[in-house]
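J.: Here you go, one structure.
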Amino acid sequence: MRGLVQTIAVICLILTCVSPAVAQRDVTIRLAHVDGAEWQKSKKGAAAEIFKNIVENETNITVQLFPAKALGDEDDLVQQAQEGTAQMVIVSAALSKLCKPAYVLDIPYTFSSAPIAWDVLDGPFGDALAETCLERTGLRTLAFGETGFRNFTNSKRPVKTPEDLKGLKIRVQPIPLYIEMVKALGAEPTPIAWSELPNALTTGVVDGQENPVGTIYNNNLHKLQDYMILDGHNYAVDFILINDEFYQYLSESDRAVVSKAARVAGIMSRAIQQFNTAESLSLVIEEGMEVHVPSAEELAQFRDLARPAVIAWLQEELGEDAIWIEKLEQALAAEQANTD
């Protein structure tokens with residue numbers, strides 16, 4: 001943890017540095033995301049802030065930031081990026097709707113740790129996925145950030161095995177893959193918009209929900225829920241995207257800086273999310289939430305139910321693109337071989 005804190009401290013110096021005097025800026029990048037602007041608590045906010053600082057320090061490009069849904073939700077942002085009205089966006093699940101191979105990243109219980117996910121995304125698999133999504137959307141993936149591992153919470157009872165989930169009404173994102181996952185685990189998936197979640201938990205429309213720990217704490221969901229299981233069923237990815245036509249318009253030197261800045265932004269996103277997860281976990285426990293860390297045997301029960309059901313659904317949904325399931329499995333196997 002000390003090394004992570006030191007890394008963040010160094011990055012903080014970069015974030016707060018003042019741009020030197022530069023020639024008149026002749027290019028503007030509008031960068032939008034849906035998270036808050038307070039970078040210490042927002043992975044997308046942190047990524048955007050450090051990207052802006054690096055680019056404006058090293059080029060004549062101006063970077064305008066539009067956080068907190070200032071330009072709309074993620075679907076809106078992706079459309080604007082394709083149209084070029086916003087040159088860059090940081091989004092998560094929205095990209096999968098236009099580039100279906102990205103859905104494979106949401107197969108439950110795929111990544112056993114964040115570093116394994118990073119290695120897969122930053123390696124040949126991530127490069128191939130980025131290239132495919134570029135061809136299909138016109139959006140270039142400059143880097144992968146992190147939204148983090150998602151976990152179940154509820155207000156009814158402790159959950160240690162899938163048996164404990166049975167009958168619970170669990171709020172999920174309005175994404176079919178998440179509905180299939182929760183259904184396979186024996187709970188009742190209930191798609192509800194994010195903005196309506198607190199009221200749904202308060203009124204008992206749903207018993208629980210699933211989100212990263214930092215999201216749960218920063219949005220006070222822990223005050224509406226009593227129990228959490230750290231099952232990490234999905235590792236959610238942020239895509240740092242740029243309109244490729246705009247990217248190609250930039251000079252070669254500016255493209256190099258933009259690409260570098262985006263990679264640093266992705267690392268910043270991961271660092272902030274890891275820090276917030278560790279801090280938020282301590283805080284939710286301190287404030288009274290009961291948290292269960294599943295054993296390997298307990299986690300296997302969740303994995304054995306959820307993965308086959310979701311993969312079967314995804315194979316039908318993806319059609320010819322189902323080959324990406326195998327590609328991901330091969331990348332994971334290769335990474336495992338490298339770590340043995």
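Each chain in the structure tokens gets a letter, A, B and so on, in the order shown; residues start at 1 in every chain, and ligands are counted from 1 in the order they appear.
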Which residues, written as a list in words, have at least one atom at most 7 Å from segment 205-215 of chain A, with only C-alpha atoms counted and residues fewer than 3 positions away on the same chain left out?

T.: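 After dropping sequence-adjacent residues, the list is Gly148, Phe149, Arg150, Asn151, Phe152, Thr153, Asn154, Ser155, Lys156, Leu168, Lys169, Ile170, Arg171, Val172, Ala200, Leu201, Asn218, Asn219, Asn276, Thr277, Ser280 and Leu281 of chain A.
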
J.: Write to file, as a PDB file, in the first residue's frame, the residues of the selection just made, with C-alpha atoms.

T.:
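Everything below was put into out_32.pdb:
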```pdb
ATOM      1  CA  GLY A 148     -13.059  -2.136 -10.699  1.00  0.00           C
ATOM      2  CA  PHE A 149     -14.452  -5.374  -9.336  1.00  0.00           C
ATOM      3  CA  ARG A 150     -18.187  -5.439  -8.676  1.00  0.00           C
ATOM      4  CA  ASN A 151     -19.632  -7.042  -5.536  1.00  0.00           C
ATOM      5  CA  PHE A 152     -23.089  -7.947  -4.242  1.00  0.00           C
ATOM      6  CA  THR A 153     -24.732  -6.162  -1.311  1.00  0.00           C
ATOM      7  CA  ASN A 154     -28.161  -6.597   0.269  1.00  0.00           C
ATOM      8  CA  SER A 155     -30.252  -5.627   3.287  1.00  0.00           C
ATOM      9  CA  LYS A 156     -31.711  -9.062   4.113  1.00  0.00           C
ATOM     10  CA  LEU A 168     -33.263 -11.782  -3.320  1.00  0.00           C
ATOM     11  CA  LYS A 169     -34.249  -8.991  -5.693  1.00  0.00           C
ATOM     12  CA  ILE A 170     -30.974  -7.593  -7.000  1.00  0.00           C
ATOM     13  CA  ARG A 171     -30.747  -4.359  -8.948  1.00  0.00           C
ATOM     14  CA  VAL A 172     -28.637  -4.736 -12.071  1.00  0.00           C
ATOM     15  CA  ALA A 200     -35.440   1.513  -4.957  1.00  0.00           C
ATOM     16  CA  LEU A 201     -33.272   0.328  -2.050  1.00  0.00           C
ATOM     17  CA  ASN A 218     -18.964   7.288  -2.295  1.00  0.00           C
ATOM     18  CA  ASN A 219     -22.681   7.129  -3.100  1.00  0.00           C
ATOM     19  CA  ASN A 276     -10.393   4.098  -3.239  1.00  0.00           C
ATOM     20  CA  THR A 277     -11.351   0.429  -3.042  1.00  0.00           C
ATOM     21  CA  SER A 280     -13.716   2.472   1.063  1.00  0.00           C
ATOM     22  CA  LEU A 281     -13.649  -1.135   2.255  1.00  0.00           C
TER      23      LEU A 281
END
```

J.: May I have the residues within 9 Å of Val293 of chain A as a ChimeraX atom specification, using only C-alpha atoms and disregarding those fewer than 5 positions away in the same chain?

T.: /A:160,228-231

J.: Write the selection just made, keeping N, CA and C atoms, as an mmCIF file, in the first residue's frame?

T.:
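To be explicit, this is the file written out as out_27.cif:
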```
data_model
loop_
_atom_site.group_PDB
_atom_site.id
_atom_site.type_symbol
_atom_site.label_atom_id
_atom_site.label_comp_id
_atom_site.auth_asym_id
_atom_site.auth_seq_id
_atom_site.Cartn_x
_atom_site.Cartn_y
_atom_site.Cartn_z
ATOM 1 N N LYS A 160 -22.955 -15.937 1.526
ATOM 2 C CA LYS A 160 -21.676 -16.634 1.485
ATOM 3 C C LYS A 160 -21.590 -17.600 0.311
ATOM 4 N N MET A 228 -22.318 -7.284 2.541
ATOM 5 C CA MET A 228 -21.590 -7.314 1.275
ATOM 6 C C MET A 228 -20.760 -8.591 1.196
ATOM 7 N N ILE A 229 -20.701 -9.186 0.009
ATOM 8 C CA ILE A 229 -19.782 -10.279 -0.246
ATOM 9 C C ILE A 229 -18.796 -9.816 -1.308
ATOM 10 N N LEU A 230 -17.509 -9.955 -1.019
ATOM 11 C CA LEU A 230 -16.458 -9.523 -1.954
ATOM 12 C C LEU A 230 -16.199 -10.643 -2.961
ATOM 13 N N ASP A 231 -17.190 -10.891 -3.797
ATOM 14 C CA ASP A 231 -17.050 -11.973 -4.776
ATOM 15 C C ASP A 231 -16.385 -11.496 -6.061
#
```

J.: Need to verify the contact set: Leu129 of chain A, 8 Å, only C-alpha atoms, exclusion of same-chain residues closer than 3 positions in sequence. Can you return it as a list in words?

T.: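 In the requested form, the answer reads Pro101, Ala102, Phe125, Gly126, Thr132 and Cys133 of chain A.
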
J.: Can I get the residues of segment 236-336 of chain A within 9 Å of segment 36-52 of chain A, each with the closest pair of atoms and their distance in Å to one decimal, using only C-alpha atoms, sorted chain first then ascending number, as CSV?

T.:
```
residue,atom,partner,partner_atom,distance
A:Asp238,CA,A:Lys44,CA,8.0
A:Ile240,CA,A:Ala47,CA,8.9
A:Val258,CA,A:Phe51,CA,7.9
A:Lys260,CA,A:Phe51,CA,8.9
A:Ala261,CA,A:Phe51,CA,5.1
A:Ala262,CA,A:Phe51,CA,6.0
A:Arg263,CA,A:Phe51,CA,8.8
A:Val264,CA,A:Phe51,CA,7.4
A:Ala265,CA,A:Ala47,CA,4.2
A:Gly266,CA,A:Ala47,CA,6.2
A:Ile267,CA,A:Ala47,CA,8.0
A:Met268,CA,A:Ala47,CA,5.7
A:Ser269,CA,A:Lys43,CA,4.5
A:Arg270,CA,A:Lys43,CA,7.1
A:Ala271,CA,A:Lys43,CA,8.2
A:Ile272,CA,A:Lys43,CA,5.6
A:Gln273,CA,A:Lys43,CA,5.7
A:Asn276,CA,A:Lys41,CA,6.7
```

J.: Next, dump the selected residues to file, keeping only N, CA and C atoms, as a compact mmCIF listing (two decimals), in the first residue's frame.

T.:
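Output (part15.txt):
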```
# COMPACT_ATOMS: atom_id res chain seq x y z
N ASP A 238 -12.72 0.73 -18.03
CA ASP A 238 -12.95 2.03 -18.67
C ASP A 238 -12.15 2.08 -19.97
N ILE A 240 -10.62 4.58 -22.74
CA ILE A 240 -10.27 5.97 -23.06
C ILE A 240 -10.23 6.07 -24.57
N VAL A 258 -0.48 12.73 -27.08
CA VAL A 258 -1.84 12.32 -26.72
C VAL A 258 -1.87 10.84 -26.34
N LYS A 260 0.65 8.98 -25.25
CA LYS A 260 1.37 8.81 -23.98
C LYS A 260 0.52 9.27 -22.81
N ALA A 261 -0.09 10.43 -22.97
CA ALA A 261 -0.92 10.99 -21.88
C ALA A 261 -2.08 10.06 -21.54
N ALA A 262 -2.66 9.45 -22.56
CA ALA A 262 -3.78 8.53 -22.33
C ALA A 262 -3.31 7.29 -21.57
N ARG A 263 -2.14 6.80 -21.89
CA ARG A 263 -1.62 5.62 -21.18
C ARG A 263 -1.37 5.95 -19.71
N VAL A 264 -0.80 7.13 -19.46
CA VAL A 264 -0.61 7.56 -18.07
C VAL A 264 -1.97 7.71 -17.39
N ALA A 265 -2.94 8.25 -18.12
CA ALA A 265 -4.29 8.43 -17.57
C ALA A 265 -4.90 7.09 -17.18
N GLY A 266 -4.69 6.07 -18.02
CA GLY A 266 -5.20 4.74 -17.69
C GLY A 266 -4.58 4.20 -16.42
N ILE A 267 -3.27 4.42 -16.26
CA ILE A 267 -2.58 3.97 -15.05
C ILE A 267 -3.10 4.74 -13.84
N MET A 268 -3.32 6.04 -14.03
CA MET A 268 -3.86 6.86 -12.94
C MET A 268 -5.24 6.36 -12.52
N SER A 269 -6.06 6.04 -13.50
CA SER A 269 -7.39 5.52 -13.23
C SER A 269 -7.31 4.26 -12.37
N ARG A 270 -6.41 3.38 -12.73
CA ARG A 270 -6.26 2.13 -11.98
C ARG A 270 -5.77 2.40 -10.56
N ALA A 271 -4.79 3.29 -10.43
CA ALA A 271 -4.24 3.58 -9.10
C ALA A 271 -5.28 4.19 -8.19
N ILE A 272 -6.03 5.18 -8.69
CA ILE A 272 -7.05 5.83 -7.88
C ILE A 272 -8.13 4.82 -7.49
N GLN A 273 -8.53 3.97 -8.42
CA GLN A 273 -9.57 2.99 -8.11
C GLN A 273 -9.10 1.98 -7.07
N ASN A 276 -9.03 3.86 -3.73
CA ASN A 276 -10.39 4.10 -3.24
C ASN A 276 -11.06 2.82 -2.76
```

J.: Find the distance between atom CA of Gly204 of chain A and atom CA of Lys166 of chain A and write it in Å to one decimal.

T.: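 So the answer is 16.4 Å.
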
J.: Find the residue from A:Ala333, A:Val104, A:Leu221, A:Leu31 that sits nearest to Pro67 of chain A; use only C-alpha atoms when measuring.

T.: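 Ranking A:Ala333, A:Val104, A:Leu221, A:Leu31 by distance to Pro67 of chain A, first place goes to A:Leu31.
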
J.: Based on DSSP run over this structure's backbone, return all residues of segment 94-161 of chain A in strand (DSSP E or B), as a short mmCIF file (atom, residue, chain, number, x, y, z; two decimals) with N, CA and C atoms, in the first residue's frame.

T.:
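This is the output file out-v6.cif:
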```cif
data_model
loop_
_atom_site.label_atom_id
_atom_site.label_comp_id
_atom_site.auth_asym_id
_atom_site.auth_seq_id
_atom_site.Cartn_x
_atom_site.Cartn_y
_atom_site.Cartn_z
N LEU A 139 -13.70 4.77 -33.34
CA LEU A 139 -13.15 5.26 -32.09
C LEU A 139 -11.90 4.46 -31.73
N ARG A 140 -10.83 5.16 -31.51
CA ARG A 140 -9.55 4.51 -31.17
C ARG A 140 -9.44 4.40 -29.64
N THR A 141 -9.17 3.20 -29.16
CA THR A 141 -8.92 2.99 -27.73
C THR A 141 -7.47 3.34 -27.45
N LEU A 142 -7.26 4.46 -26.78
CA LEU A 142 -5.90 4.88 -26.46
C LEU A 142 -5.35 4.15 -25.25
N ALA A 143 -6.24 3.77 -24.33
CA ALA A 143 -5.80 3.08 -23.12
C ALA A 143 -7.01 2.49 -22.41
N PHE A 144 -6.72 1.57 -21.49
CA PHE A 144 -7.76 0.96 -20.66
C PHE A 144 -7.61 1.46 -19.23
N GLY A 145 -8.67 2.01 -18.69
CA GLY A 145 -8.69 2.39 -17.28
C GLY A 145 -9.44 1.34 -16.49
N GLU A 146 -9.87 1.72 -15.29
CA GLU A 146 -10.49 0.72 -14.41
C GLU A 146 -11.69 1.31 -13.68
N THR A 147 -12.79 0.57 -13.73
CA THR A 147 -13.92 0.85 -12.86
C THR A 147 -13.89 -0.08 -11.65
N GLY A 148 -13.33 -1.27 -11.83
CA GLY A 148 -13.06 -2.14 -10.70
C GLY A 148 -13.97 -3.34 -10.58
N PHE A 149 -13.68 -4.16 -9.59
CA PHE A 149 -14.45 -5.37 -9.34
C PHE A 149 -15.79 -5.04 -8.69
N ARG A 150 -16.83 -5.66 -9.18
CA ARG A 150 -18.19 -5.44 -8.68
C ARG A 150 -18.54 -6.52 -7.66
N ASN A 151 -19.28 -6.13 -6.62
CA ASN A 151 -19.63 -7.04 -5.54
C ASN A 151 -21.10 -6.89 -5.16
N PHE A 152 -21.69 -7.96 -4.65
CA PHE A 152 -23.09 -7.95 -4.24
C PHE A 152 -23.26 -7.39 -2.82
N THR A 153 -24.31 -6.58 -2.64
CA THR A 153 -24.73 -6.16 -1.31
C THR A 153 -26.23 -6.41 -1.18
N ASN A 154 -26.71 -6.48 0.06
CA ASN A 154 -28.16 -6.60 0.27
C ASN A 154 -28.51 -6.21 1.70
#
```

J.: Excluding Gln80 of chain A and any residue of its chain fewer than 5 positions from it, enumerate the residues within 10 Å of it, using only C-alpha atoms, and give them as a ChimeraX atom specification.

T.: /A:32,71-72,74-75,85-89,243

J.: Next, dump the selected residues to file, keeping only C-alpha atoms, as a PDB file, in the first residue's frame.

T.:
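Output file result-v1.pdb follows:
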```pdb
ATOM      1  CA  ALA A  32     -16.206  14.050 -21.476  1.00  0.00           C
ATOM      2  CA  LEU A  71     -22.646  16.281 -22.093  1.00  0.00           C
ATOM      3  CA  GLY A  72     -24.993  13.371 -21.331  1.00  0.00           C
ATOM      4  CA  GLU A  74     -22.355   7.211 -21.692  1.00  0.00           C
ATOM      5  CA  ASP A  75     -24.460   6.339 -24.736  1.00  0.00           C
ATOM      6  CA  THR A  85     -18.582  16.933 -31.286  1.00  0.00           C
ATOM      7  CA  ALA A  86     -16.639  15.492 -28.340  1.00  0.00           C
ATOM      8  CA  GLN A  87     -13.199  14.417 -29.508  1.00  0.00           C
ATOM      9  CA  MET A  88     -12.519  12.136 -26.519  1.00  0.00           C
ATOM     10  CA  VAL A  89     -14.615  10.241 -23.975  1.00  0.00           C
ATOM     11  CA  ASN A 243     -12.366  10.007 -32.567  1.00  0.00           C
TER      12      ASN A 243
END
```

J.: Can you work out which one of A:Ala331, A:Glu316, A:Pro294, A:Ala309 has the shortest atom-to-atom distance to Val159 of chain A, counting only C-alpha atoms?

T.: A:Pro294

J.: Just want the 10 Å neighbourhood of Glu290 of chain A, counted on only C-alpha atoms, with same-chain residues fewer than 4 positions away dropped. Output as a ChimeraX atom specification.

T.: /A:153,157-158,222,225-229,284-286

J.: Please, could you write that set of residues out with N, CA and C atoms as a PDB file, in the first residue's frame?

T.:
```pdb
ATOM      1  N   THR A 153     -24.312  -6.581  -2.642  1.00  0.00           N
ATOM      2  CA  THR A 153     -24.732  -6.162  -1.311  1.00  0.00           C
ATOM      3  C   THR A 153     -26.234  -6.411  -1.181  1.00  0.00           C
ATOM      4  N   ARG A 157     -29.776 -10.496   4.399  1.00  0.00           N
ATOM      5  CA  ARG A 157     -29.004 -11.527   5.099  1.00  0.00           C
ATOM      6  C   ARG A 157     -27.592 -11.617   4.535  1.00  0.00           C
ATOM      7  N   PRO A 158     -26.660 -12.191   5.320  1.00  0.00           N
ATOM      8  CA  PRO A 158     -25.306 -12.415   4.792  1.00  0.00           C
ATOM      9  C   PRO A 158     -25.350 -13.375   3.610  1.00  0.00           C
ATOM     10  N   HIS A 222     -23.876   2.049   1.189  1.00  0.00           N
ATOM     11  CA  HIS A 222     -23.633   1.217   2.382  1.00  0.00           C
ATOM     12  C   HIS A 222     -24.570   1.586   3.522  1.00  0.00           C
ATOM     13  N   GLN A 225     -27.658  -0.607   2.923  1.00  0.00           N
ATOM     14  CA  GLN A 225     -27.411  -2.043   2.815  1.00  0.00           C
ATOM     15  C   GLN A 225     -26.623  -2.504   4.030  1.00  0.00           C
ATOM     16  N   ASP A 226     -26.859  -3.735   4.445  1.00  0.00           N
ATOM     17  CA  ASP A 226     -26.209  -4.251   5.654  1.00  0.00           C
ATOM     18  C   ASP A 226     -25.092  -5.243   5.374  1.00  0.00           C
ATOM     19  N   TYR A 227     -25.164  -5.914   4.221  1.00  0.00           N
ATOM     20  CA  TYR A 227     -24.246  -7.021   3.962  1.00  0.00           C
ATOM     21  C   TYR A 227     -23.583  -6.885   2.585  1.00  0.00           C
ATOM     22  N   MET A 228     -22.318  -7.284   2.541  1.00  0.00           N
ATOM     23  CA  MET A 228     -21.590  -7.314   1.275  1.00  0.00           C
ATOM     24  C   MET A 228     -20.760  -8.591   1.196  1.00  0.00           C
ATOM     25  N   ILE A 229     -20.701  -9.186   0.009  1.00  0.00           N
ATOM     26  CA  ILE A 229     -19.782 -10.279  -0.246  1.00  0.00           C
ATOM     27  C   ILE A 229     -18.796  -9.816  -1.308  1.00  0.00           C
ATOM     28  N   VAL A 284     -16.550   1.217   5.018  1.00  0.00           N
ATOM     29  CA  VAL A 284     -17.874   0.591   5.115  1.00  0.00           C
ATOM     30  C   VAL A 284     -17.930  -0.370   6.297  1.00  0.00           C
ATOM     31  N   ILE A 285     -16.805  -1.032   6.571  1.00  0.00           N
ATOM     32  CA  ILE A 285     -16.746  -1.926   7.739  1.00  0.00           C
ATOM     33  C   ILE A 285     -16.819  -1.103   9.018  1.00  0.00           C
ATOM     34  N   GLU A 286     -16.065  -0.011   9.046  1.00  0.00           N
ATOM     35  CA  GLU A 286     -16.052   0.874  10.216  1.00  0.00           C
ATOM     36  C   GLU A 286     -17.438   1.442  10.507  1.00  0.00           C
TER      37      GLU A 286
END
```

J.: Which parts of segment 85-221 of chain A does DSSP call alpha helix (DSSP H) when run on the backbone here, written out as a ChimeraX atom specification?

T.: /A:114-121,124-137,162-165,176-184,197-203,213-218

J.: Choose the residue, out of A:Asn53, A:Lys223, A:Ile116, A:Ala128, that has the smallest atom-to-atom separation from Gly288 of chain A; count only C-alpha atoms.

T.: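 Ranked by minimum distance to Gly288 of chain A, first place goes to A:Lys223.
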
J.: As a PyMOL selection string, please: the residues near Leu314 of chain A (cut-off 10 Å, only C-alpha atoms, same-chain neighbours under 2 positions excluded).

T.: chain A and resi 100-101+103-104+107+176-177+180+308-312+316-319+321-322+325
